[in-house]
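Trainee: Below are the structure tokens for one structure; questions will follow.
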Amino acid sequence: MTDGPGIDRTDQRPGPHDLPARPPAVRLVGLAVTLTVLVGLVIGAVHGGRATAGLGSARQVSSARLDIAYYDCLTTQSSSLVRPGKVVDVSTANPGSWATLSKVVAPRDVLTTDRRIAVAVLTLERRPGGCLGSAVVAHYPNGTVRQGTGASLSGQGPPPAQPL
Amino acid sequence: MSTAEAAAVASCALAAAGLLPVLVLVGLRLVSIPLAPLTGAIMAALAAAGCLALGGSVLLWFLGIALVAGLSAAVFVARYPGSRPWVRPSGGARPTGSANRFHRGAGMVGAAVIALAVVGSLSALRAPHIGFDARTIWLLHAVWFTDGHRTALAALSNPAIPFAHASYPPLIGGSVAISWLITGNRSDTLGVVMIALLNACAVSIAAWAVVEVGRHCGSRVAAAHADHQALPPRRGRLEAPYVAGVVVAGLLVLVAFGVAGPFATNGYADLLWSAAAVGAIGFALVLPGRRGDLWVGVLLLSVAGLTKQEGTATAVAIVVLITVRFAHHEWAQLSGVPWRPLGFGAIGVLALGAWPFLMVLLGASQNVAVFGVRQGDLVSRTHQTVVAMSGHLHVLAFAVPIAIAGGIALGQVRRASGLRNDGWAWAALALGAFLVAGTYITGPGNVGFWLDTSVHRTTFFPAICAWWIIGTWAVLGTAQAMVPRTSDPPVEAQGTGRPLDEGPPPVLHHPS
């Protein structure tokens, strides 16, 4: 009888004779398994390598930099309208704009759905001088409307969408 | 500080925090290198939990936890000299001769191959993509922990940020927060790079488990040759299982990054928990069950459980399987109630359940993956889920026949090499996949939209696990091909009877 598995004990204690030679047919099956798996792994690895190489291409680099610049631009505009840590509401009128602006505002302000306690309602609107054609606009409770300043990014339309 | 410099500093900080505990628990092994930063990330998660629940700075919590863990490790080593990292855990003498050379060589070459594959895969970081979930979930959580207790606590129950999944476990948020606070670089890009590096560590360890499989097979083949052959084996026969383990490990890294695609390097956490869970299966369910291997499994399960909710559920399933494995053997050997494995299993499940419990206690908003009224009935949702998941699990059509053929043709080699039945790994794969499928089927909202936006990521775990399982069969097949034939006369009637966990046989003398 052997000890069960546990600290410093394996649950199997084979001796060298437990590794027997097998009939040729069985060895052949084993060899076929190995070769098949290796071919599959090589195909999978080549696919993975190509995918990875594609992700680091010059086109992807410029796309990623544009994306970062876009969000930096929106962050700067947002900061010019509302100081960090304030309670703000992001308009849900346009779900796409809401999603984009929420990503900008959530890390630096306190988002709320209660418009009464918000210092401003922020929207993303198509305006000249904005970030790729869009600008952050604040609607204050006193009726004032201001467009964000401090950054702009020439071009039209948002950067290519990120995969979900 | 540039992003590259900051990432290096932050990685070293995480690794430094985790190093001593890893050395004591796992030993002075190559796998400890990628495991140290992951252990530091576990500490960052605990620090985030402390900051959230009790107050204080996440950095102070991290430093305190790292200090306590390091001191505990040092005291433990001082009190129990046998636990020193440089002492072999099984107490066996270091093997000598060609077997030792191959054993050590496979370790060094395997580490180099895995490192090369990882570096190549991380080249995608040249394009600093910041994914949707990276901005809306993971980096946002890091901002909360960086800003401290009040911000994090308020964010937990804020209904205006339903997309943030505030109740997700804190490993990513905590680790990124620590990297920002230590380096002073609070850029999103640094956060994404840190997540990619943690992904890479988890993938490396999962691949390393295959190198270990190769080393186990290689040592058994060497022992068989020593006992059965009058003449020295043909050139390459002893090395082949080691080489197979190294080659398969390198390929697995590339495959895993290929499965994850852009989500390996754009700030998503799915690859982290998936690869950690696969590594845990390898070390704790398939490899023979040495203490160091079990601790690797425990740490990887902690990573999986503290990263994402799917990871927590899958980690619990794996803990149950590990408990069953060890309880069954203890019960069979001792004919009594296997209290020890049952107790450790219960502790594991409770530990993994601590974060969800804390979220309930703190009143966190319910984690809603998809909004709206539930659409479709059980049958239609099941059909949609199966169709969607199978579209990303083609590898199963390849892996299942391979595993069946391997089980028939290579089962004896597997048993002789001290490896557990791959049925354990398949059970973990199936449980993980069923848990995810069950969530889609019984969950709310429009399951079609939900599947379209997530199923390619929630299938990482079963896909990588299937590749890992068949990778081990390739190594076992190589080992079988190298076993001496029955026509070869044995050198002596009696074997050495050395248990496998003592490593390769000490001396392999072949008549010249």
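If you're wondering about the labels, chains in the structure tokens are A, B, ... by order shown, residues count from 1 in each chain, ligands from 1 in order shown.
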Produce a table with one row for each residue of chain B that has an atom at most 6 Å from any atom of chain A, each row naming the nearest atom pair and its distance in Å at one decimal; use only C-alpha atoms; arrange rows by chain and rising residue number; format as a Markdown table.

Mentor:
| residue | atom | partner | partner_atom | distance |
| --- | --- | --- | --- | --- |
| B:Ser90 | CA | A:Asp8 | CA | 5.6 |
| B:Ser121 | CA | A:Thr52 | CA | 5.8 |
| B:Ala124 | CA | A:Gly56 | CA | 4.2 |
| B:Arg126 | CA | A:Gly56 | CA | 5.4 |
| B:Ala127 | CA | A:Val61 | CA | 4.0 |
| B:Pro128 | CA | A:Ala64 | CA | 5.5 |
| B:His129 | CA | A:Ala64 | CA | 4.9 |
| B:Gly131 | CA | A:Gln162 | CA | 5.9 |
| B:Thr136 | CA | A:Lys103 | CA | 5.8 |
| B:Leu140 | CA | A:Pro107 | CA | 5.6 |
| B:Ala160 | CA | A:Thr112 | CA | 5.0 |
| B:Ala223 | CA | A:Pro16 | CA | 5.5 |
| B:Ala224 | CA | A:Pro16 | CA | 5.2 |
| B:Leu251 | CA | A:Ala45 | CA | 5.6 |
| B:Leu254 | CA | A:Ala45 | CA | 4.8 |
| B:Val255 | CA | A:Ala45 | CA | 4.6 |
| B:Gly258 | CA | A:Gly48 | CA | 3.3 |
| B:Pro288 | CA | A:Thr10 | CA | 5.1 |
| B:Gly289 | CA | A:Thr10 | CA | 5.0 |
| B:Arg290 | CA | A:Asp8 | CA | 5.0 |
| B:Arg291 | CA | A:Ile7 | CA | 4.6 |
| B:Phe326 | CA | A:Pro5 | CA | 6.0 |
| B:His329 | CA | A:Gly4 | CA | 5.2 |
| B:Glu330 | CA | A:Gly4 | CA | 4.9 |
| B:Gln333 | CA | A:Gly4 | CA | 5.9 |
| B:Ala409 | CA | A:Val26 | CA | 5.4 |
| B:Val413 | CA | A:Leu19 | CA | 5.8 |
| B:Ala416 | CA | A:Asp18 | CA | 5.1 |
| B:Gly418 | CA | A:Gln12 | CA | 5.7 |
| B:Thr453 | CA | A:Leu164 | CA | 5.7 |
| B:Ala474 | CA | A:Thr34 | CA | 4.0 |
| B:Gly477 | CA | A:Gly30 | CA | 4.7 |
| B:Val483 | CA | A:Ala21 | CA | 5.9 |
| B:Arg485 | CA | A:Ala21 | CA | 5.2 |
| B:Thr486 | CA | A:Ala21 | CA | 5.7 |
| B:Gly495 | CA | A:Pro16 | CA | 5.9 |
| B:Gly497 | CA | A:Gly15 | CA | 4.4 |
| B:Pro499 | CA | A:Arg13 | CA | 5.0 |

Trainee: Write out the residues from the selection above, keeping C-alpha atoms, as a CSV table (one decimal), in the first residue's frame.

Mentor:
chain,number,residue,atom,x,y,z
B,90,SER,CA,11.0,15.8,-2.1
B,121,SER,CA,3.4,37.8,-29.1
B,124,ALA,CA,1.4,43.7,-30.7
B,126,ARG,CA,3.7,48.4,-30.5
B,127,ALA,CA,0.1,49.5,-31.3
B,128,PRO,CA,-1.1,50.8,-28.0
B,129,HIS,CA,-4.8,49.9,-28.4
B,131,GLY,CA,-10.0,48.3,-25.7
B,136,THR,CA,-15.1,51.2,-19.2
B,140,LEU,CA,-11.8,52.7,-14.4
B,160,ALA,CA,-25.0,55.9,-13.5
B,223,ALA,CA,14.7,4.9,-16.5
B,224,ALA,CA,13.2,2.4,-18.9
B,251,LEU,CA,3.7,26.5,-29.8
B,254,LEU,CA,1.7,31.4,-29.8
B,255,VAL,CA,-1.6,29.5,-30.0
B,258,GLY,CA,-3.7,33.7,-31.3
B,288,PRO,CA,1.7,14.2,-10.1
B,289,GLY,CA,0.9,16.4,-7.1
B,290,ARG,CA,4.1,17.6,-5.5
B,291,ARG,CA,3.8,20.3,-2.9
B,326,PHE,CA,-7.1,14.1,-3.4
B,329,HIS,CA,-7.0,8.9,-3.0
B,330,GLU,CA,-6.8,9.5,0.7
B,333,GLN,CA,-5.6,4.5,1.0
B,409,ALA,CA,-2.7,4.2,-27.2
B,413,VAL,CA,2.8,5.9,-20.8
B,416,ALA,CA,3.9,5.4,-15.9
B,418,GLY,CA,3.0,9.8,-13.0
B,453,THR,CA,-20.3,41.0,-27.8
B,474,ALA,CA,1.9,15.0,-28.2
B,477,GLY,CA,3.2,10.1,-27.9
B,483,VAL,CA,10.5,3.4,-25.1
B,485,ARG,CA,11.3,-2.4,-27.6
B,486,THR,CA,10.4,-5.7,-26.1
B,495,GLY,CA,13.9,-1.8,-11.4
B,497,GLY,CA,11.6,1.7,-8.0
B,499,PRO,CA,9.2,7.4,-7.2

Trainee: Would you kindly return, as a ChimeraX atom specification, each protein, DNA or RNA residue with an atom no farther than 8 Å from any atom of Cys51 of chain B, considering only C-alpha atoms and excluding same-chain residues fewer than 3 positions away?

Mentor: /B:47-48,54-58,61,145,148-149

Trainee: With DSSP run on the backbone, what are the helix (DSSP H, G or I) residues within segment 230-296 of chain B? I'd like them as a VMD selection string.

Mentor: chain B and resid 240 to 264 270 to 286 291 to 296

Trainee: Quick one: residues within 10 Å of Leu342 of chain B, only C-alpha atoms, excluding same-chain residues fewer than 5 positions away - as a list in words?

Mentor: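 So the residues in contact are Val320, Ile322, Thr323, Val324, Phe326, Ala327, Val337, Ile347 and Gly348 of chain B.
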
Trainee: Once you have the residues from the selection above, write them out as a short mmCIF file (atom, residue, chain, number, x, y, z; two decimals), in the first residue's frame, restricted to C-alpha atoms.

Mentor:
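out_19.cif was written with the following content:
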data_model
loop_
_atom_site.label_atom_id
_atom_site.label_comp_id
_atom_site.auth_asym_id
_atom_site.auth_seq_id
_atom_site.Cartn_x
_atom_site.Cartn_y
_atom_site.Cartn_z
CA VAL B 320 -13.82 21.03 -6.23
CA ILE B 322 -8.77 18.99 -6.94
CA THR B 323 -10.52 18.20 -3.67
CA VAL B 324 -12.24 15.18 -5.21
CA PHE B 326 -7.07 14.10 -3.38
CA ALA B 327 -10.00 13.04 -1.21
CA VAL B 337 -13.02 10.30 5.94
CA ILE B 347 -11.10 26.79 2.62
CA GLY B 348 -10.44 27.30 -1.09
#

Trainee: Please identify all polymer residues within 9 Å of segment 432-442 of chain B, counting only C-alpha atoms, omitting same-chain residues fewer than 3 positions from it, and present them as a ChimeraX atom specification.

Mentor: /B:310-311,313-315,317-318,374,377-386,389,427-429,447,450-451,458-459,461-462

Trainee: Show me, as a ChimeraX atom specification, the residues that have an atom within 8 Å of Ser80 of chain A when counting only C-alpha atoms, minus same-chain residues fewer than 4 positions from it.

Mentor: /A:76,148-150

Trainee: Show which residues sit within 8 Å of Thr265 of chain B, as an MDAnalysis selection string. Count only C-alpha atoms, and ignore same-chain residues fewer than 6 positions away.

Mentor: chainID B and resid 122 124:125 129 192:193 195:196

Trainee: Keeping N, CA and C atoms for every residue in the selection just given, could you write it to a file as a PDB file, in the first residue's frame?

Mentor:
ATOM      1  N   LEU B 122       3.987  39.640 -27.605  1.00  0.00           N
ATOM      2  CA  LEU B 122       3.756  40.962 -27.019  1.00  0.00           C
ATOM      3  C   LEU B 122       4.161  42.098 -27.967  1.00  0.00           C
ATOM      4  N   ALA B 124       2.682  42.962 -30.341  1.00  0.00           N
ATOM      5  CA  ALA B 124       1.445  43.686 -30.681  1.00  0.00           C
ATOM      6  C   ALA B 124       1.295  44.957 -29.855  1.00  0.00           C
ATOM      7  N   LEU B 125       2.032  45.046 -28.739  1.00  0.00           N
ATOM      8  CA  LEU B 125       1.935  46.250 -27.896  1.00  0.00           C
ATOM      9  C   LEU B 125       2.520  47.485 -28.594  1.00  0.00           C
ATOM     10  N   HIS B 129      -3.289  49.868 -28.388  1.00  0.00           N
ATOM     11  CA  HIS B 129      -4.751  49.883 -28.390  1.00  0.00           C
ATOM     12  C   HIS B 129      -5.291  49.817 -26.963  1.00  0.00           C
ATOM     13  N   VAL B 192      -2.698  49.295 -19.711  1.00  0.00           N
ATOM     14  CA  VAL B 192      -2.871  48.237 -20.718  1.00  0.00           C
ATOM     15  C   VAL B 192      -1.624  47.357 -20.808  1.00  0.00           C
ATOM     16  N   VAL B 193      -0.463  47.987 -20.766  1.00  0.00           N
ATOM     17  CA  VAL B 193       0.783  47.206 -20.837  1.00  0.00           C
ATOM     18  C   VAL B 193       0.901  46.289 -19.612  1.00  0.00           C
ATOM     19  N   ILE B 195      -1.517  44.986 -17.860  1.00  0.00           N
ATOM     20  CA  ILE B 195      -2.460  43.862 -18.002  1.00  0.00           C
ATOM     21  C   ILE B 195      -1.903  42.842 -18.998  1.00  0.00           C
ATOM     22  N   ALA B 196      -1.311  43.340 -20.089  1.00  0.00           N
ATOM     23  CA  ALA B 196      -0.725  42.430 -21.085  1.00  0.00           C
ATOM     24  C   ALA B 196       0.419  41.622 -20.473  1.00  0.00           C
TER      25      ALA B 196
END

Trainee: If we count only C-alpha atoms, what is near Ser152 of chain A at a cut-off of 7 Å, once residues fewer than 5 positions away on the same chain are taken out, given as a list in words?

Mentor: Cys73, Gly129, Gly130 and Cys131 of chain A

Trainee: When you count only C-alpha atoms, which of these residues is closest to Pro21 of chain B: B:Ala332, B:Met482, B:Met43, B:Leu352?

Mentor: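 Between B:Ala332, B:Met482, B:Met43, B:Leu352, the residue approaching Pro21 of chain B most closely is B:Met43.
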